[in-house]
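Enquirer: Pasting in a structure now, in structure tokens, and then I'll have a few things to ask.
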Amino acid sequence: MLAAMSQPPAAASRDEPVIRERGDACPGALRLHAADDGFLARVRIPGGLLSAPQAAALALAADRFGDGHLELTSRGNVQLRGLGDGCGAGLAELLDGAGLLPAPSHERVRNIVATPLADPGPVRALDALLCADPRAAALSGRFLFAVDDGRGDVAALDPDITLLGPDAGGRTLLRLGAARDAVEVSDGDAPRAALAAAHHFLDAVAAAGTRAWRVAELPAEHSLDAAEFARRLAASGIPARYVADAPRPYAPPPAPGVHADALCVLIPLGRLTTAQWRTLSGEWRITPWRSIVVTGAPVVDAGLVTDPDDPWLSVTACTGKPGCAKSLADVRADARAVVVQTASRGALPVHWSGCERRCGHPRGAAWVDVVAAPGGYRVTAPGRPARHDVPANELAAVLADARTDPDVVKK
């Protein structure tokens, strides 16, 4: 893992509780978001698990109702953009027919990231419990579950509830937010324990009265206590053991290329055409790192990345212009221009943002922060002073220097 950097304001930990004065407006497949390039739908893909027919249905939806592209999000979900006004009913019917929609009350709460190469069973079990539980519908569209097979890849993505394991003895750790302590349960009880943890969070939200959307937003006096939660689980019939100092493993995401009988394909900037999408076959796993792991025939040369040293491997960006009204630049076009001039990937990832919100920025690692401003770009790298008003035609040189900071070392 890369050494830590000071976080930008949008990602910094909060000293004061967040007081939510409105409901969560996070988009879904049924609640469309009006963007500058048309309506946007976000289809939750729990654990990134897609069958080949479901993948085909998403491509059909993008062609029939959208702009012919699909976008991968930092939570392993799929977005359709450029949707026309009045397409909601037709889109819902198509997605429902492919098994991509639960009850309308629950379609935005299926936020589960998972280790891409692991057993999909725990993800499916947790998703089924969430969709069948009336109370789970009260979770915000931003509340995040992680099902990590113990290596520590998705556990590093700032989840609200993490299942880590099982270990050799068939035990799984459950972590609440970013706490160092945890609760240990049996592998078979882990999905039920995760749902119970969501109820524990909702109880804390009700007691706090702040309408928090995520665990980190709870005020200190209502923060989730793992020891109390262990007792709560035991009282409900789920044997649990409190672990004061739980292990925190870390593993990088799967690199592009072949992994046993699977192929990992990186999607530059997380956006691809339906023609590119259809070059992939087999069973799919959409990852939170804007890549796709497939079991099937190798992809032909379609502009997708299968080289683990490709410069695209560590470049991400928000939507930018023209899709987002808040963006001050076409960050994707500027990012592509820089990558064309880049010989190899640098030591640090780079995230391009069209405004101070920094949508989709990396989690769990240091990164070079490139933010559009009225006079150019601001570039901030760990251990270096910020560079202000950098014009687009100078960014390649500035970023080459920023990404090779000698003070940033791998742990």
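Chain labels run A, B, ... following the order of the structure tokens; each chain numbers its residues from 1, and ligands are numbered from 1 in the order shown.
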Skipping near chain neighbours, those fewer than 5 positions away, what residues fall within 8 Å of Asp67 of chain A using only C-alpha atoms, listed as a ChimeraX atom specification?
Expert: /A:62,80-83
Enquirer: Residues of segment 344-365 of chain A within 12 Å of segment 144-160 of chain A: nearest atom pair and distance (Å, one decimal) for each, counting only C-alpha atoms, sorted by chain and number, as a Markdown table?
Expert:
```
| residue | atom | partner | partner_atom | distance |
| --- | --- | --- | --- | --- |
| A:Gly360 | CA | A:Leu157 | CA | 11.3 |
| A:His361 | CA | A:Leu157 | CA | 10.7 |
| A:Pro362 | CA | A:Leu157 | CA | 8.3 |
| A:Arg363 | CA | A:Leu157 | CA | 5.1 |
| A:Gly364 | CA | A:Ala156 | CA | 5.0 |
| A:Ala365 | CA | A:Ala156 | CA | 8.4 |
```
Enquirer: Would you list the contacts of Gly375 of chain A as an MDAnalysis selection string, taking every protein, DNA or RNA residue within 9 Å and counting only C-alpha atoms, but skipping same-chain residues closer than 6 positions in sequence?
Expert: chainID A and resid 388:391
Enquirer: Would you mind listing what lies within 10 Å of Leu304 of chain A as a list in words, with only C-alpha atoms counted and same-chain residues fewer than 2 positions away left out?
Expert: Pro256, Val265, Leu266, Ile267, Pro268, Leu272, Gln276, Trp277, Thr279, Ser291, Val299, Val300, Asp301, Ala302, Thr306, Asp307 and Trp312 of chain A
Enquirer: Could the residues of segment 239-319 of chain A that have an atom at most 7 Å from segment 112-116 of chain A be listed as CSV, each with its closest atom pair and the distance in Å to one decimal, counting only C-alpha atoms and ordered by chain and ascending residue number?
Expert:
```
residue,atom,partner,partner_atom,distance
A:Arg285,CA,A:Pro116,CA,6.2
A:Thr287,CA,A:Pro116,CA,6.3
A:Pro288,CA,A:Val113,CA,6.8
```
Enquirer: Using N, CA and C atoms, can you write the selected residues to a file as a compact mmCIF listing (two decimals), in the first residue's frame?
Expert:
```
# COMPACT_ATOMS: atom_id res chain seq x y z
N ARG A 285 -17.59 -10.18 -13.34
CA ARG A 285 -17.51 -9.51 -12.04
C ARG A 285 -17.00 -8.09 -12.28
N THR A 287 -15.55 -4.81 -10.95
CA THR A 287 -14.79 -4.50 -9.74
C THR A 287 -14.94 -3.04 -9.35
N PRO A 288 -14.62 -2.69 -8.11
CA PRO A 288 -14.66 -1.28 -7.68
C PRO A 288 -13.51 -0.45 -8.26
```
Enquirer: List the spatial neighbours of segment 223-236 of chain A as number ranges by chain - criterion: any atom at most 12 Å away, only C-alpha atoms, same-chain residues fewer than 2 positions off excluded.
Expert: A: 17, 160-161, 173-186, 189-190, 192-205, 207-208, 212, 214-221, 238-246
Enquirer: Only C-alpha atoms, please: the residues just picked out, written as a JSON list (two decimals), in the first residue's frame.
Expert:
```
[["chain", "number", "residue", "atom", "x", "y", "z"],
["A", 17, "PRO", "CA", -21.27, 14.94, 13.10],
["A", 160, "ASP", "CA", -19.53, 0.85, 6.56],
["A", 161, "ILE", "CA", -19.71, -2.87, 7.32],
["A", 173, "LEU", "CA", -14.43, -10.90, 11.19],
["A", 174, "LEU", "CA", -17.10, -8.21, 11.04],
["A", 175, "ARG", "CA", -15.86, -4.63, 11.30],
["A", 176, "LEU", "CA", -18.08, -1.59, 11.91],
["A", 177, "GLY", "CA", -16.80, 1.39, 9.93],
["A", 178, "ALA", "CA", -13.10, 2.09, 10.34],
["A", 179, "ALA", "CA", -12.83, 0.78, 13.91],
["A", 180, "ARG", "CA", -9.77, -1.26, 14.88],
["A", 181, "ASP", "CA", -11.84, -3.74, 16.88],
["A", 182, "ALA", "CA", -14.23, -6.24, 15.36],
["A", 183, "VAL", "CA", -16.63, -9.09, 16.04],
["A", 184, "GLU", "CA", -15.84, -12.67, 15.07],
["A", 185, "VAL", "CA", -18.65, -14.94, 13.85],
["A", 186, "SER", "CA", -18.85, -18.23, 11.98],
["A", 189, "ASP", "CA", -23.55, -16.63, 10.24],
["A", 190, "ALA", "CA", -21.65, -13.79, 8.54],
["A", 192, "ARG", "CA", -26.98, -12.53, 8.97],
["A", 193, "ALA", "CA", -24.50, -10.70, 11.20],
["A", 194, "ALA", "CA", -23.94, -8.08, 8.49],
["A", 195, "LEU", "CA", -27.68, -7.43, 8.27],
["A", 196, "ALA", "CA", -27.83, -7.19, 12.07],
["A", 197, "ALA", "CA", -25.00, -4.63, 11.91],
["A", 198, "ALA", "CA", -27.09, -2.56, 9.49],
["A", 199, "HIS", "CA", -29.96, -2.65, 12.01],
["A", 200, "HIS", "CA", -27.48, -1.62, 14.74],
["A", 201, "PHE", "CA", -26.52, 1.38, 12.61],
["A", 202, "LEU", "CA", -30.15, 2.35, 11.98],
["A", 203, "ASP", "CA", -30.82, 2.20, 15.73],
["A", 204, "ALA", "CA", -27.88, 4.55, 16.31],
["A", 205, "VAL", "CA", -29.15, 6.93, 13.62],
["A", 207, "ALA", "CA", -31.03, 7.69, 18.68],
["A", 208, "ALA", "CA", -28.72, 10.42, 17.33],
["A", 212, "ALA", "CA", -26.63, 10.01, 9.14],
["A", 214, "ARG", "CA", -22.91, 6.35, 6.84],
["A", 215, "VAL", "CA", -21.20, 5.00, 9.97],
["A", 216, "ALA", "CA", -18.54, 7.73, 9.92],
["A", 217, "GLU", "CA", -21.26, 10.40, 10.11],
["A", 218, "LEU", "CA", -22.55, 9.30, 13.51],
["A", 219, "PRO", "CA", -21.73, 11.65, 16.39],
["A", 220, "ALA", "CA", -19.17, 10.30, 18.85],
["A", 221, "GLU", "CA", -21.71, 9.67, 21.59],
["A", 238, "ILE", "CA", -25.69, -15.60, 16.60],
["A", 239, "PRO", "CA", -22.59, -16.67, 18.57],
["A", 240, "ALA", "CA", -20.00, -13.88, 18.46],
["A", 241, "ARG", "CA", -16.65, -13.04, 20.01],
["A", 242, "TYR", "CA", -15.28, -9.53, 20.52],
["A", 243, "VAL", "CA", -11.79, -8.95, 19.01],
["A", 244, "ALA", "CA", -10.07, -5.87, 20.47],
["A", 245, "ASP", "CA", -7.34, -5.47, 17.84],
["A", 246, "ALA", "CA", -8.43, -7.12, 14.62]]
```
Enquirer: When you look at Ala343 of chain A with a cut-off of 10 Å (counting only C-alpha atoms), what residues show up, excluding the ones that are within fewer than 2 positions of it in the same chain? I need them as a PDB file with N, CA and C atoms, in the first residue's frame.
Expert:
```
ATOM      1  N   ASP A 309       1.117  -3.193 -16.896  1.00  0.00           N
ATOM      2  CA  ASP A 309       1.970  -2.006 -16.814  1.00  0.00           C
ATOM      3  C   ASP A 309       1.447  -0.848 -17.649  1.00  0.00           C
ATOM      4  N   ASP A 310       0.248  -0.960 -18.147  1.00  0.00           N
ATOM      5  CA  ASP A 310      -0.320   0.101 -18.977  1.00  0.00           C
ATOM      6  C   ASP A 310      -0.502   1.381 -18.163  1.00  0.00           C
ATOM      7  N   PRO A 311      -0.189   2.554 -18.744  1.00  0.00           N
ATOM      8  CA  PRO A 311      -0.366   3.825 -18.014  1.00  0.00           C
ATOM      9  C   PRO A 311      -1.783   4.074 -17.521  1.00  0.00           C
ATOM     10  N   VAL A 339      -2.318  10.808 -20.888  1.00  0.00           N
ATOM     11  CA  VAL A 339      -1.945   9.391 -20.971  1.00  0.00           C
ATOM     12  C   VAL A 339      -1.243   9.088 -22.294  1.00  0.00           C
ATOM     13  N   VAL A 340      -1.665   9.717 -23.377  1.00  0.00           N
ATOM     14  CA  VAL A 340      -1.024   9.517 -24.676  1.00  0.00           C
ATOM     15  C   VAL A 340       0.460   9.885 -24.610  1.00  0.00           C
ATOM     16  N   GLN A 341       0.798  10.848 -23.746  1.00  0.00           N
ATOM     17  CA  GLN A 341       2.182  11.294 -23.615  1.00  0.00           C
ATOM     18  C   GLN A 341       2.948  10.556 -22.525  1.00  0.00           C
ATOM     19  N   ARG A 345       3.276   3.733 -16.229  1.00  0.00           N
ATOM     20  CA  ARG A 345       2.508   4.145 -15.066  1.00  0.00           C
ATOM     21  C   ARG A 345       3.450   4.635 -13.974  1.00  0.00           C
ATOM     22  N   GLY A 346       3.020   5.627 -13.233  1.00  0.00           N
ATOM     23  CA  GLY A 346       3.845   6.176 -12.167  1.00  0.00           C
ATOM     24  C   GLY A 346       3.648   5.440 -10.859  1.00  0.00           C
ATOM     25  N   ALA A 400       4.209  13.883 -14.343  1.00  0.00           N
ATOM     26  CA  ALA A 400       5.338  12.949 -14.354  1.00  0.00           C
ATOM     27  C   ALA A 400       6.236  13.194 -13.152  1.00  0.00           C
TER      28      ALA A 400
END
```
Enquirer: What lies within 12 Å of Leu32 of chain A using only C-alpha atoms, ignoring chain neighbours under 6 positions off, as a list in words?
Expert: Ala25, Cys26, Gly38, Phe39, Leu40, Ala41, Arg42, Val43, Gln79, Leu80, Arg81, Gly82, Leu83, Gly84, Asp85, Gly86, Cys87, Gly88, Ala89, Leu91, Ala92 and Arg108 of chain A
Enquirer: In Å, rounded to a single decimal, give me how far atom CA of Leu269 of chain A is from atom CA of Ala396 of chain A.
Expert: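 Distance between the two atoms: 17.0 Å.
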Enquirer: Can you work out which one of A:Leu263, A:Ala128, A:Val338, A:Ala372 has the shortest atom-to-atom distance to Asn393 of chain A, counting only C-alpha atoms?
Expert: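 Checking each candidate against Asn393 of chain A, we get A:Val338 as the closest.
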